[in-house]
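upload_38.txt, holding compact mmCIF, C-alpha atoms:
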# COMPACT_ATOMS: atom_id res chain seq x y z
CA MET Z 960 15.82 24.73 9.58
CA ARG Z 961 14.93 28.02 11.25
CA LYS Z 962 13.18 29.28 8.13
CA ALA Z 963 11.09 26.12 7.84
CA TRP Z 964 10.16 26.40 11.51
CA LEU Z 965 8.93 29.97 11.08
CA ILE Z 966 6.80 28.99 8.09
CA GLY Z 967 5.27 26.08 9.98
CA GLY Z 968 4.70 28.18 13.07
CA ALA Z 969 3.08 31.00 11.15
CA VAL Z 970 0.69 28.64 9.41
CA SER Z 971 -0.10 26.84 12.66
CA GLY Z 972 -1.18 30.10 14.23
CA VAL Z 973 -3.93 30.59 11.67
CA GLY Z 974 -5.72 27.55 13.08
CA VAL Z 975 -9.21 26.34 12.28
CA SER Z 976 -10.11 28.96 9.69
CA PHE Z 977 -7.01 28.10 7.65
CA VAL Z 978 -7.94 24.42 7.49
CA ALA Z 979 -11.58 25.21 6.79
CA LEU Z 980 -10.68 27.39 3.82
CA LEU Z 981 -8.28 24.82 2.43
CA VAL Z 982 -10.74 21.96 2.81
CA VAL Z 983 -13.70 23.85 1.36
CA GLY Z 984 -11.63 25.28 -1.48
CA THR Z 985 -10.05 22.00 -2.41
CA TYR Z 986 -13.31 20.07 -2.33
CA SER Z 987 -15.05 22.77 -4.34
CA ALA Z 988 -12.37 22.57 -7.01
CA ALA Z 989 -12.72 18.80 -7.05
CA ALA Z 990 -16.51 18.68 -7.02
CA GLY Z 991 -16.48 16.75 -10.26
CA LEU Z 992 -14.84 13.81 -8.50
CA VAL Z 993 -17.80 12.91 -6.33
CA GLY Z 994 -19.61 10.93 -8.98
CA GLY Z 995 -16.50 9.36 -10.48
CA VAL Z 996 -15.16 5.87 -10.11
CA ALA Z 997 -11.70 4.49 -10.49
CA GLY Z 998 -11.05 2.93 -13.86
CA GLN Z 999 -9.54 -0.39 -14.72
CA ALA Z 1000 -5.84 -0.81 -14.17
CA VAL Z 1001 -3.24 -0.15 -16.83
CA GLY Z 1002 0.24 -0.83 -15.60
CA LEU Z 1003 1.62 -0.19 -12.13
CA ALA Z 1004 1.19 2.72 -9.74
CA LYS Z 1005 4.26 4.92 -9.41
CA GLY Z 1006 6.94 3.29 -7.29
CA ALA Z 1007 4.56 0.75 -5.76
CA VAL Z 1008 6.81 -2.06 -6.98
CA PRO Z 1009 10.54 -1.65 -6.20
CA ALA Z 1010 12.49 -0.68 -9.32
CA ALA Z 1011 14.48 -3.92 -9.25
CA TYR Z 1012 11.30 -5.94 -9.83
CA GLN Z 1013 9.14 -3.62 -11.97
CA SER Z 1014 10.14 -5.04 -15.34
CA LEU Z 1015 9.61 -8.61 -14.11
CA VAL Z 1016 6.16 -7.83 -12.71
CA LEU Z 1017 5.12 -5.95 -15.85
CA LYS Z 1018 6.31 -8.75 -18.15
CA TRP Z 1019 5.06 -11.75 -16.23
CA GLY Z 1020 1.93 -10.05 -14.91
CA ASN Z 1021 0.55 -10.24 -18.44
CA LEU Z 1022 1.22 -13.95 -18.85
CA CYS Z 1023 -2.48 -14.91 -19.08
CA PRO Z 1024 -5.86 -13.14 -19.19
CA ALA Z 1025 -6.67 -13.98 -15.55
CA LEU Z 1026 -3.57 -12.15 -14.34
CA ASN Z 1027 -2.37 -8.54 -14.52
CA PRO Z 1028 0.70 -6.75 -13.15
CA GLY Z 1029 -1.20 -5.12 -10.28
CA LEU Z 1030 -2.59 -8.46 -9.17
CA LEU Z 1031 0.80 -10.18 -9.33
CA ALA Z 1032 2.33 -7.29 -7.37
CA ALA Z 1033 -0.41 -7.57 -4.74
CA GLN Z 1034 0.32 -11.27 -4.25
CA LEU Z 1035 4.07 -10.78 -3.93
CA TYR Z 1036 3.63 -7.91 -1.49
CA GLN Z 1037 1.13 -9.92 0.56
CA GLU Z 1038 3.45 -12.92 0.63
CA SER Z 1039 6.83 -11.33 1.37
CA GLY Z 1040 6.72 -7.53 1.30
CA TRP Z 1041 9.23 -7.72 -1.59
CA ASN Z 1042 11.79 -9.45 0.62
CA PRO Z 1043 13.70 -12.00 -1.54
CA THR Z 1044 15.17 -13.68 1.57
CA ALA Z 1045 11.89 -14.05 3.49
CA GLN Z 1046 11.29 -17.43 5.12
CA SER Z 1047 8.17 -18.34 7.07
CA PRO Z 1048 7.75 -20.79 9.98
CA ALA Z 1049 5.98 -23.07 7.48
CA ASN Z 1050 9.18 -23.16 5.37
CA ALA Z 1051 7.80 -20.95 2.61
CA LYS Z 1052 10.78 -19.30 0.95
CA GLY Z 1053 11.72 -16.25 -1.06
CA ILE Z 1054 9.86 -13.33 -2.56
CA GLY Z 1055 7.09 -15.66 -3.76
CA GLN Z 1056 6.93 -17.66 -0.50
CA PHE Z 1057 6.93 -21.04 -2.21
CA ILE Z 1058 6.75 -24.26 -0.22
CA PRO Z 1059 9.58 -26.49 -1.55
CA GLY Z 1060 7.17 -29.12 -2.90
CA THR Z 1061 5.16 -26.52 -4.84
CA TRP Z 1062 8.38 -24.98 -6.11
CA ASP Z 1063 9.68 -28.34 -7.36
CA ALA Z 1064 6.44 -28.95 -9.25
CA HIS Z 1065 5.81 -25.51 -10.75
CA ALA Z 1066 9.02 -23.43 -10.80
CA VAL Z 1067 10.43 -22.11 -14.07
CA ASP Z 1068 13.87 -20.86 -15.05
CA GLY Z 1069 12.75 -17.29 -15.57
CA ASP Z 1070 16.15 -15.81 -16.39
CA LYS Z 1071 17.28 -18.78 -18.52
CA ASP Z 1072 20.52 -19.25 -16.56
CA GLY Z 1073 20.14 -23.02 -16.24
CA ASP Z 1074 18.70 -23.26 -12.74
CA ARG Z 1075 15.47 -22.61 -10.82
CA ASP Z 1076 16.52 -20.69 -7.72
CA ILE Z 1077 13.77 -20.18 -5.14
CA TRP Z 1078 15.72 -17.25 -3.65
CA ASP Z 1079 16.22 -15.45 -6.97
CA PRO Z 1080 13.36 -13.05 -7.87
CA ALA Z 1081 14.28 -13.50 -11.55
CA ASP Z 1082 13.05 -17.09 -11.16
CA ALA Z 1083 10.54 -16.70 -8.32
CA ILE Z 1084 8.45 -13.91 -9.89
CA PRO Z 1085 8.04 -15.73 -13.23
CA SER Z 1086 7.26 -18.91 -11.29
CA ALA Z 1087 4.56 -17.17 -9.27
CA ALA Z 1088 2.93 -15.88 -12.47
CA THR Z 1089 3.25 -19.26 -14.16
CA TYR Z 1090 1.68 -21.02 -11.19
CA ASP Z 1091 -1.21 -18.54 -11.14
CA CYS Z 1092 -1.89 -19.10 -14.83
CA GLN Z 1093 -1.71 -22.87 -14.47
CA LEU Z 1094 -4.33 -22.64 -11.72
CA ALA Z 1095 -6.47 -20.41 -13.94
CA GLY Z 1096 -6.29 -23.08 -16.62
CA TYR Z 1097 -7.44 -25.76 -14.20
CA VAL Z 1098 -10.60 -23.81 -13.26
CA LYS Z 1099 -11.31 -22.02 -16.55
CA ASN Z 1100 -14.70 -23.71 -16.89
CA ALA Z 1101 -15.87 -23.03 -13.33
CA PRO Z 1102 -18.69 -20.48 -12.93
CA GLY Z 1103 -17.81 -16.99 -11.76
CA ASP Z 1104 -14.91 -14.61 -12.24
CA ILE Z 1105 -11.82 -16.38 -13.61
CA THR Z 1106 -9.41 -14.25 -11.56
CA ASP Z 1107 -11.34 -14.83 -8.33
CA ASN Z 1108 -11.36 -18.56 -9.07
CA MET Z 1109 -7.63 -18.52 -9.79
CA LEU Z 1110 -6.92 -16.85 -6.45
CA ALA Z 1111 -9.25 -19.24 -4.65
CA SER Z 1112 -7.35 -22.13 -6.24
CA TYR Z 1113 -4.08 -20.65 -5.01
CA ASN Z 1114 -5.45 -20.66 -1.47
CA ALA Z 1115 -7.71 -23.71 -1.31
CA GLY Z 1116 -6.79 -25.79 -4.35
CA SER Z 1117 -8.45 -26.07 -7.73
CA TYR Z 1118 -10.44 -29.13 -6.63
CA ALA Z 1119 -12.36 -27.03 -4.09
CA VAL Z 1120 -13.17 -24.41 -6.74
CA LEU Z 1121 -14.46 -27.06 -9.13
CA LYS Z 1122 -16.39 -28.82 -6.37
CA TYR Z 1123 -18.24 -25.67 -5.30
CA GLY Z 1124 -18.55 -24.09 -8.73
CA GLY Z 1125 -16.49 -21.01 -7.89
CA VAL Z 1126 -14.90 -19.53 -4.78
CA PRO Z 1127 -15.54 -22.13 -2.06
CA PRO Z 1128 -17.41 -21.22 1.14
CA TYR Z 1129 -14.26 -21.15 3.25
CA LYS Z 1130 -13.80 -17.96 5.26
CA GLU Z 1131 -10.02 -18.00 4.82
CA THR Z 1132 -10.28 -18.44 1.05
CA GLN Z 1133 -12.97 -15.81 0.61
CA ASN Z 1134 -10.91 -13.37 2.65
CA TYR Z 1135 -7.77 -14.16 0.63
CA VAL Z 1136 -9.57 -13.38 -2.64
CA LYS Z 1137 -10.97 -10.15 -1.22
CA VAL Z 1138 -7.59 -9.05 0.14
CA ILE Z 1139 -5.68 -9.61 -3.10
CA ARG Z 1140 -8.36 -7.98 -5.27
CA THR Z 1141 -8.35 -4.96 -2.94
CA LEU Z 1142 -4.55 -4.71 -2.87
CA GLU Z 1143 -4.58 -4.98 -6.65
CA LYS Z 1144 -6.10 -1.47 -6.75
CA SER Z 1145 -3.22 -0.07 -4.72
CA PHE Z 1146 -0.56 -1.51 -7.03
CA SER Z 1147 -2.35 -0.67 -10.28
CA ARG Z 1148 -2.29 2.69 -12.00
CA PRO Z 1149 -5.94 3.78 -12.28
CA ILE Z 1150 -7.60 5.32 -15.29
CA GLY Z 1151 -9.61 8.44 -14.49
CA ARG Z 1152 -10.44 9.81 -11.06
CA VAL Z 1153 -10.10 8.21 -7.64
CA GLU Z 1154 -13.18 8.49 -5.44
CA PRO Z 1155 -12.99 10.94 -2.50
CA SER Z 1156 -12.54 9.61 1.02
CA LYS Z 1157 -15.56 9.64 3.31
CA GLN Z 1158 -13.50 9.82 6.52
CA ALA Z 1159 -11.13 12.62 5.51
CA ALA Z 1160 -12.63 15.55 7.42
CA SER Z 1161 -12.69 13.71 10.74
CA ALA Z 1162 -9.14 12.44 10.30
CA ILE Z 1163 -7.98 16.01 9.67
CA TYR Z 1164 -9.88 17.21 12.74
CA PHE Z 1165 -8.04 14.67 14.90
CA ALA Z 1166 -4.65 15.73 13.56
CA GLN Z 1167 -5.49 19.40 13.98
CA GLN Z 1168 -6.06 18.86 17.70
CA LYS Z 1169 -2.43 17.67 17.95
CA LEU Z 1170 -0.86 20.81 16.47
CA GLY Z 1171 2.02 22.00 18.64
CA THR Z 1172 2.65 18.56 20.18
CA PRO Z 1173 6.40 17.73 20.27
CA TYR Z 1174 7.63 15.01 17.94
CA LEU Z 1175 8.72 11.63 19.32
CA TRP Z 1176 10.44 8.92 17.24
CA GLY Z 1177 8.27 5.81 17.53
CA GLY Z 1178 5.54 7.84 19.23
CA ASN Z 1179 2.00 6.46 19.19
CA GLY Z 1180 0.37 9.21 21.24
CA THR Z 1181 0.00 7.08 24.37
CA PRO Z 1182 -0.10 8.67 27.85
CA ASP Z 1183 3.29 7.23 28.79
CA GLN Z 1184 4.72 8.99 25.71
CA GLY Z 1185 3.14 12.29 26.68
CA GLY Z 1186 0.69 12.06 23.78
CA ARG Z 1187 3.54 12.51 21.29
CA PHE Z 1188 3.79 11.02 17.79
CA ASP Z 1189 6.14 10.40 14.93
CA CYS Z 1190 4.89 10.91 11.37
CA SER Z 1191 3.28 7.52 10.73
CA GLY Z 1192 2.08 7.28 14.33
CA LEU Z 1193 0.11 10.50 13.79
CA THR Z 1194 -1.47 9.38 10.51
CA GLN Z 1195 -2.30 5.98 12.00
CA ALA Z 1196 -3.99 7.62 14.99
CA ALA Z 1197 -5.87 10.11 12.80
CA TYR Z 1198 -7.45 7.34 10.75
CA ARG Z 1199 -7.94 5.10 13.77
CA SER Z 1200 -10.13 7.89 15.18
CA VAL Z 1201 -12.54 7.28 12.28
CA GLY Z 1202 -12.42 3.49 12.53
CA VAL Z 1203 -9.77 2.80 9.88
CA GLU Z 1204 -6.79 0.78 11.12
CA LEU Z 1205 -3.64 1.59 9.13
CA PRO Z 1206 -0.34 -0.25 9.44
CA ARG Z 1207 2.19 1.36 11.77
CA VAL Z 1208 4.89 2.24 9.25
CA ALA Z 1209 4.73 4.74 6.41
CA ASN Z 1210 5.84 2.51 3.54
CA ASP Z 1211 2.97 0.11 4.25
CA GLN Z 1212 0.46 2.93 4.72
CA TYR Z 1213 1.19 3.81 1.08
CA ASN Z 1214 -0.67 0.65 0.04
CA ALA Z 1215 -3.90 1.45 1.93
CA GLY Z 1216 -5.78 2.65 -1.14
CA GLU Z 1217 -5.48 4.02 -4.66
CA HIS Z 1218 -3.04 6.75 -5.65
CA PRO Z 1219 -4.34 10.11 -6.87
CA SER Z 1220 -1.97 12.30 -8.87
CA ARG Z 1221 -0.56 15.54 -7.44
CA SER Z 1222 -3.21 17.55 -9.30
CA GLU Z 1223 -6.04 15.37 -7.90
CA LEU Z 1224 -5.12 15.60 -4.19
CA LEU Z 1225 -7.96 16.11 -1.73
CA PRO Z 1226 -7.92 16.80 2.03
CA GLY Z 1227 -7.40 13.59 3.98
CA ASP Z 1228 -5.06 12.00 1.43
CA LEU Z 1229 -1.82 10.69 2.86
CA VAL Z 1230 1.23 12.25 1.19
CA PHE Z 1231 4.57 10.46 1.15
CA PHE Z 1232 8.24 11.31 0.80
CA SER Z 1233 10.91 8.81 -0.21
CA GLU Z 1234 14.67 8.45 -0.32
CA ASP Z 1235 14.17 6.68 -3.68
CA LEU Z 1236 11.50 8.08 -5.98
CA THR Z 1237 11.18 4.72 -7.75
CA ASN Z 1238 10.54 2.65 -4.62
CA SER Z 1239 7.72 2.90 -2.07
CA ARG Z 1240 9.70 0.70 0.33
CA ALA Z 1241 12.16 3.62 0.71
CA ILE Z 1242 9.47 6.02 1.99
CA HIS Z 1243 10.77 7.90 5.02
CA HIS Z 1244 7.98 10.39 5.83
CA VAL Z 1245 4.20 10.76 5.65
CA GLY Z 1246 1.76 13.58 6.31
CA LEU Z 1247 -1.98 14.25 6.14
CA TYR Z 1248 -2.93 16.54 3.27
CA VAL Z 1249 -5.24 19.44 4.19
CA GLY Z 1250 -5.41 21.28 0.86
CA GLY Z 1251 -3.71 24.24 -0.78
CA GLY Z 1252 -0.36 22.43 -0.97
CA TYR Z 1253 -0.13 21.91 2.82
CA MET Z 1254 -0.13 18.90 5.13
CA ILE Z 1255 -0.26 18.33 8.87
CA ASP Z 1256 2.77 16.28 9.87
CA ALA Z 1257 5.09 15.34 12.70
CA PRO Z 1258 8.38 16.33 11.03
CA TYR Z 1259 11.41 15.32 13.12
CA THR Z 1260 13.00 15.34 16.56
CA GLY Z 1261 13.00 18.85 17.99
CA ALA Z 1262 9.99 20.00 15.97
CA VAL Z 1263 6.27 19.94 16.75
CA ILE Z 1264 3.25 18.72 14.82
CA ARG Z 1265 2.51 21.53 12.38
CA TYR Z 1266 1.53 22.53 8.85
CA ASP Z 1267 4.19 22.08 6.16
CA LYS Z 1268 4.21 22.48 2.40
CA ILE Z 1269 4.23 19.17 0.53
CA ASP Z 1270 6.18 20.24 -2.54
CA SER Z 1271 9.76 19.15 -2.08
CA ALA Z 1272 12.38 17.17 -3.99
CA ASP Z 1273 11.55 13.95 -2.14
CA TYR Z 1274 7.76 14.11 -2.67
CA PHE Z 1275 6.81 10.59 -3.74
CA GLY Z 1276 3.05 10.41 -4.11
CA ALA Z 1277 -0.25 10.07 -2.29
CA THR Z 1278 -2.79 7.50 -1.15
CA ARG Z 1279 -6.52 7.96 -0.73
CA VAL Z 1280 -7.17 5.72 2.24
CA THR Z 1281 -10.10 3.31 2.26
CA ASP Z 1282 -11.20 0.98 5.02
CA ALA Z 1283 -11.07 -2.00 2.65
CA GLY Z 1284 -7.58 -0.98 1.52
CA ALA Z 1285 -6.32 -0.73 5.10
CA GLN Z 1286 -7.87 -4.06 6.06
CA SER Z 1287 -6.20 -5.80 3.13
CA LEU Z 1288 -2.66 -4.99 4.24
CA PRO Z 1289 -0.49 -7.69 5.80
CA LYS Z 1290 0.81 -7.16 9.31
CA ASP Z 1291 4.47 -6.90 10.32
CA LEU Z 1292 6.12 -7.32 6.93
CA PRO Z 1293 9.87 -7.99 6.87
CA GLY Z 1294 11.85 -4.75 6.96
CA ASP Z 1295 9.09 -2.63 8.50
CA ARG Z 1296 10.35 0.39 10.35
CA PRO Z 1297 8.96 3.68 11.63
CA ALA Z 1298 9.51 6.63 9.32
CA ALA Z 1299 10.91 10.06 10.24
Target format structure tokens, applied to this file:
Amino acid sequence: MRKAWLIGGAVSGVGVSFVALLVVGTYSAAAGLVGGVAGQAVGLAKGAVPAAYQSLVLKWGNLCPALNPGLLAAQLYQESGWNPTAQSPANAKGIGQFIPGTWDAHAVDGDKDGDRDIWDPADAIPSAATYDCQLAGYVKNAPGDITDNMLASYNAGSYAVLKYGGVPPYKETQNYVKVIRTLEKSFSRPIGRVEPSKQAASAIYFAQQKLGTPYLWGGNGTPDQGGRFDCSGLTQAAYRSVGVELPRVANDQYNAGEHPSRSELLPGDLVFFSEDLTNSRAIHHVGLYVGGGYMIDAPYTGAVIRYDKIDSADYFGATRVTDAGAQSLPKDLPGDRPAA
């Protein structure tokens, strides 16, 4: 612990010039990214889907042309946050949040064990995919994008899609389609480069002003907390300073955009650390990447906000935050908790 403290302290003392060199150097090396765009999805982003459900999502996410694994993952995350025992006030149940009547009409025995159990992901995930594809079949001749029309049918009913010739002019339905299509990018593994963030420099500047501030578990930087933060409180505040509202906890912040590889990191990316390298829901720490293999983070009780190296055994991955990605995330998912 003492050695890590000395490294962090020494780097912190370098200050503005250190960050400036890292940011300029990293962006110069990545200059070729500016004109790039994310490619179409192939498979799932690393660890975005808990390991227990990855094979189900990959198999059933390819059930029909209107569906893909990233899209199915986005729906399940939006509905339940991967909680197989979730139950809503409207009596929606399980990982797929099925209303009992819809379940009775559309459920399948996904694991071929002789029953259709709404609480069993081995039935609920196949049933969610099957229901999506049935809806796609109902609206296959409607104008517009078949996947958008499928999602609109899920929210508003296929009759509304057929009546209006595509996504109906309902604010709730239009927002639902936008949210799921945006979340789809977070759960899908992209081909090619991920576009740089436009808010990164200002988010880093905010975090840099907090260097030396003592850590506080659950800290949001409020005056009554002495302006102190925990790890996800700091990253939330840094992006809030540039008008991007992230969720409060680290494992949900992971879904606020696409996921660049380690070699493609740019300043402003969020970097994550997990107790289980196959599961983003086990993320326990987050920092703000500044370049050169370093992040600004609020490490743990007894430490201060500082620079730390990101390369460690529990390094999980990164997210390039976008405003649309942050806005698409559900609020207060079951099992949310602050991270380190």
Hey, can you check how far CA of Val1208 (chain Z) sits from CA of Gly1192 (chain Z)?
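That distance, rounded to one decimal, is 7.7 Å.
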Would you list the contacts of region 1136-1151 of chain Z as a PDB file with C-alpha atoms, keeping the file's coordinate frame, taking every protein, DNA or RNA residue within 7 Å and counting all atoms listed in the file, but skipping same-chain residues closer than 4 positions in sequence?
ATOM      1  CA  ALA Z 997     -11.700   4.490 -10.490  1.00  0.00           C
ATOM      2  CA  GLY Z 998     -11.050   2.930 -13.860  1.00  0.00           C
ATOM      3  CA  GLN Z 999      -9.540  -0.390 -14.720  1.00  0.00           C
ATOM      4  CA  ALA Z1000      -5.840  -0.810 -14.170  1.00  0.00           C
ATOM      5  CA  VAL Z1001      -3.240  -0.150 -16.830  1.00  0.00           C
ATOM      6  CA  GLY Z1002       0.240  -0.830 -15.600  1.00  0.00           C
ATOM      7  CA  LEU Z1003       1.620  -0.190 -12.130  1.00  0.00           C
ATOM      8  CA  ALA Z1004       1.190   2.720  -9.740  1.00  0.00           C
ATOM      9  CA  ALA Z1007       4.560   0.750  -5.760  1.00  0.00           C
ATOM     10  CA  GLY Z1029      -1.200  -5.120 -10.280  1.00  0.00           C
ATOM     11  CA  LEU Z1030      -2.590  -8.460  -9.170  1.00  0.00           C
ATOM     12  CA  ALA Z1032       2.330  -7.290  -7.370  1.00  0.00           C
ATOM     13  CA  ALA Z1033      -0.410  -7.570  -4.740  1.00  0.00           C
ATOM     14  CA  GLN Z1034       0.320 -11.270  -4.250  1.00  0.00           C
ATOM     15  CA  ASP Z1107     -11.340 -14.830  -8.330  1.00  0.00           C
ATOM     16  CA  LEU Z1110      -6.920 -16.850  -6.450  1.00  0.00           C
ATOM     17  CA  ALA Z1111      -9.250 -19.240  -4.650  1.00  0.00           C
ATOM     18  CA  THR Z1132     -10.280 -18.440   1.050  1.00  0.00           C
ATOM     19  CA  ASN Z1214      -0.670   0.650   0.040  1.00  0.00           C
ATOM     20  CA  ALA Z1215      -3.900   1.450   1.930  1.00  0.00           C
ATOM     21  CA  GLY Z1216      -5.780   2.650  -1.140  1.00  0.00           C
ATOM     22  CA  GLU Z1217      -5.480   4.020  -4.660  1.00  0.00           C
ATOM     23  CA  HIS Z1218      -3.040   6.750  -5.650  1.00  0.00           C
ATOM     24  CA  ALA Z1283     -11.070  -2.000   2.650  1.00  0.00           C
ATOM     25  CA  GLY Z1284      -7.580  -0.980   1.520  1.00  0.00           C
ATOM     26  CA  SER Z1287      -6.200  -5.800   3.130  1.00  0.00           C
TER      27      SER Z1287
END
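Between CA of Lys1018 (chain Z) and CA of Thr1106 (chain Z) lies a distance of 17.9 Å.
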Among the residues Z:Ala1160, Z:Thr1260, Z:Val1245, Z:Leu1175, the one that comes closest to Gly1227 (chain Z) [using all atoms listed in the file]:
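So, comparing all the options, the nearest one is Z:Ala1160.
The coordinates place CA of Gln1195 (chain Z) at 11.9 Å from CA of Gly1177 (chain Z).
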Skip Tyr1164 (chain Z) itself and residues of its chain fewer than 2 positions away, then list as a list in words all residues within 12 Å of it, counting only C-alpha atoms.
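Surrounding residues, per the criterion: Gly974, Val975, Val978, Ala979, Val982, Gln1158, Ala1159, Ala1160, Ser1161, Ala1162, Ala1166, Gln1167, Gln1168, Lys1169, Leu1170, Thr1194, Ala1196, Ala1197, Tyr1198, Ser1200, Val1201, Pro1226, Gly1227, Leu1247, Tyr1248, Val1249 and Ile1255 of chain Z.
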Nearby residues, (5.1, -24.9, -12.0) file frame, 10 Å, only C-alpha atoms, as a list of chain:residue names:
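Within 10 Å of (5.1, -24.9, -12.0), the protein and nucleic acid residues are Z:Thr1061, Z:Trp1062, Z:Asp1063, Z:Ala1064, Z:His1065, Z:Ala1066, Z:Val1067, Z:Pro1085, Z:Ser1086, Z:Ala1087, Z:Ala1088, Z:Thr1089, Z:Tyr1090, Z:Asp1091, Z:Cys1092, Z:Gln1093, Z:Leu1094.
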Closest of Z:Cys1023, Z:Asp1076, Z:Asn1050, Z:Phe1275 to Lys1099 (chain Z) - atom-to-atom distances counting only C-alpha atoms
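Among Z:Cys1023, Z:Asp1076, Z:Asn1050, Z:Phe1275, it is Z:Cys1023 that comes nearest to Lys1099 (chain Z).
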Tell me which protein, DNA and RNA residues are within 8 Å of Trp1041 (chain Z), counting only C-alpha atoms, leaving out same-chain ones fewer than 6 positions away, and put them as a PyMOL selection string.
chain Z and resi 1009+1035+1054
Select, from Z:Tyr1129, Z:Tyr1253, Z:Trp1078, Z:Tyr1123, the residue with the minimum atom-to-atom distance to Ile1269 (chain Z), counting only C-alpha atoms.
Z:Tyr1253
Determine, counting all atoms listed in the file, which protein, DNA and RNA residues have an atom within 12 Å of an atom of Pro1258 (chain Z); residues of the same chain fewer than 5 positions away are not included. Present the result as an NGL selection string.
:Z and (960 or 963-964 or 967 or 1170-1176 or 1187-1193 or 1232 or 1243-1247 or 1263-1269 or 1298-1299)
Model the absent atoms of region 1261-1275 of chain Z so that N, CA, C and O atoms are present, and write the result as an mmCIF file, keeping the file's coordinate frame.
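Listing of out.cif after writing:
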data_model
loop_
_atom_site.group_PDB
_atom_site.id
_atom_site.type_symbol
_atom_site.label_atom_id
_atom_site.label_comp_id
_atom_site.auth_asym_id
_atom_site.auth_seq_id
_atom_site.Cartn_x
_atom_site.Cartn_y
_atom_site.Cartn_z
ATOM 1 N N GLY Z 1261 12.763 17.434 17.727
ATOM 2 C CA GLY Z 1261 13.000 18.850 17.990
ATOM 3 C C GLY Z 1261 11.934 19.755 17.426
ATOM 4 O O GLY Z 1261 11.865 20.932 17.792
ATOM 5 N N ALA Z 1262 11.084 19.225 16.548
ATOM 6 C CA ALA Z 1262 9.990 20.000 15.970
ATOM 7 C C ALA Z 1262 8.674 19.593 16.636
ATOM 8 O O ALA Z 1262 8.626 18.669 17.463
ATOM 9 N N VAL Z 1263 7.601 20.267 16.257
ATOM 10 C CA VAL Z 1263 6.270 19.940 16.750
ATOM 11 C C VAL Z 1263 5.370 19.607 15.572
ATOM 12 O O VAL Z 1263 5.688 19.902 14.416
ATOM 13 N N ILE Z 1264 4.249 18.966 15.860
ATOM 14 C CA ILE Z 1264 3.250 18.720 14.820
ATOM 15 C C ILE Z 1264 2.768 20.065 14.299
ATOM 16 O O ILE Z 1264 2.420 20.962 15.069
ATOM 17 N N ARG Z 1265 2.737 20.220 12.970
ATOM 18 C CA ARG Z 1265 2.510 21.530 12.380
ATOM 19 C C ARG Z 1265 2.032 21.384 10.939
ATOM 20 O O ARG Z 1265 1.905 20.274 10.421
ATOM 21 N N TYR Z 1266 1.800 22.499 10.277
ATOM 22 C CA TYR Z 1266 1.530 22.530 8.850
ATOM 23 C C TYR Z 1266 2.851 22.702 8.109
ATOM 24 O O TYR Z 1266 3.691 23.535 8.473
ATOM 25 N N ASP Z 1267 3.034 21.928 7.033
ATOM 26 C CA ASP Z 1267 4.190 22.080 6.160
ATOM 27 C C ASP Z 1267 3.728 21.996 4.716
ATOM 28 O O ASP Z 1267 2.725 21.347 4.403
ATOM 29 N N LYS Z 1268 4.479 22.627 3.827
ATOM 30 C CA LYS Z 1268 4.210 22.480 2.400
ATOM 31 C C LYS Z 1268 4.628 21.075 1.954
ATOM 32 O O LYS Z 1268 5.582 20.511 2.472
ATOM 33 N N ILE Z 1269 3.910 20.528 0.988
ATOM 34 C CA ILE Z 1269 4.230 19.170 0.530
ATOM 35 C C ILE Z 1269 5.206 19.151 -0.631
ATOM 36 O O ILE Z 1269 5.828 18.120 -0.902
ATOM 37 N N ASP Z 1270 5.336 20.251 -1.340
ATOM 38 C CA ASP Z 1270 6.180 20.240 -2.540
ATOM 39 C C ASP Z 1270 7.652 20.324 -2.153
ATOM 40 O O ASP Z 1270 8.124 21.344 -1.651
ATOM 41 N N SER Z 1271 8.338 19.226 -2.367
ATOM 42 C CA SER Z 1271 9.760 19.150 -2.080
ATOM 43 C C SER Z 1271 10.367 18.100 -3.012
ATOM 44 O O SER Z 1271 9.654 17.334 -3.660
ATOM 45 N N ALA Z 1272 11.691 18.063 -3.052
ATOM 46 C CA ALA Z 1272 12.380 17.170 -3.990
ATOM 47 C C ALA Z 1272 12.094 15.710 -3.723
ATOM 48 O O ALA Z 1272 12.167 14.875 -4.637
ATOM 49 N N ASP Z 1273 11.773 15.363 -2.472
ATOM 50 C CA ASP Z 1273 11.550 13.950 -2.140
ATOM 51 C C ASP Z 1273 10.069 13.579 -2.105
ATOM 52 O O ASP Z 1273 9.716 12.492 -1.633
ATOM 53 N N TYR Z 1274 9.186 14.469 -2.618
ATOM 54 C CA TYR Z 1274 7.760 14.110 -2.670
ATOM 55 C C TYR Z 1274 7.586 12.893 -3.572
ATOM 56 O O TYR Z 1274 8.017 12.875 -4.720
ATOM 57 N N PHE Z 1275 6.926 11.870 -3.034
ATOM 58 C CA PHE Z 1275 6.810 10.590 -3.740
ATOM 59 C C PHE Z 1275 5.449 10.383 -4.363
ATOM 60 O O PHE Z 1275 5.321 9.931 -5.502
#
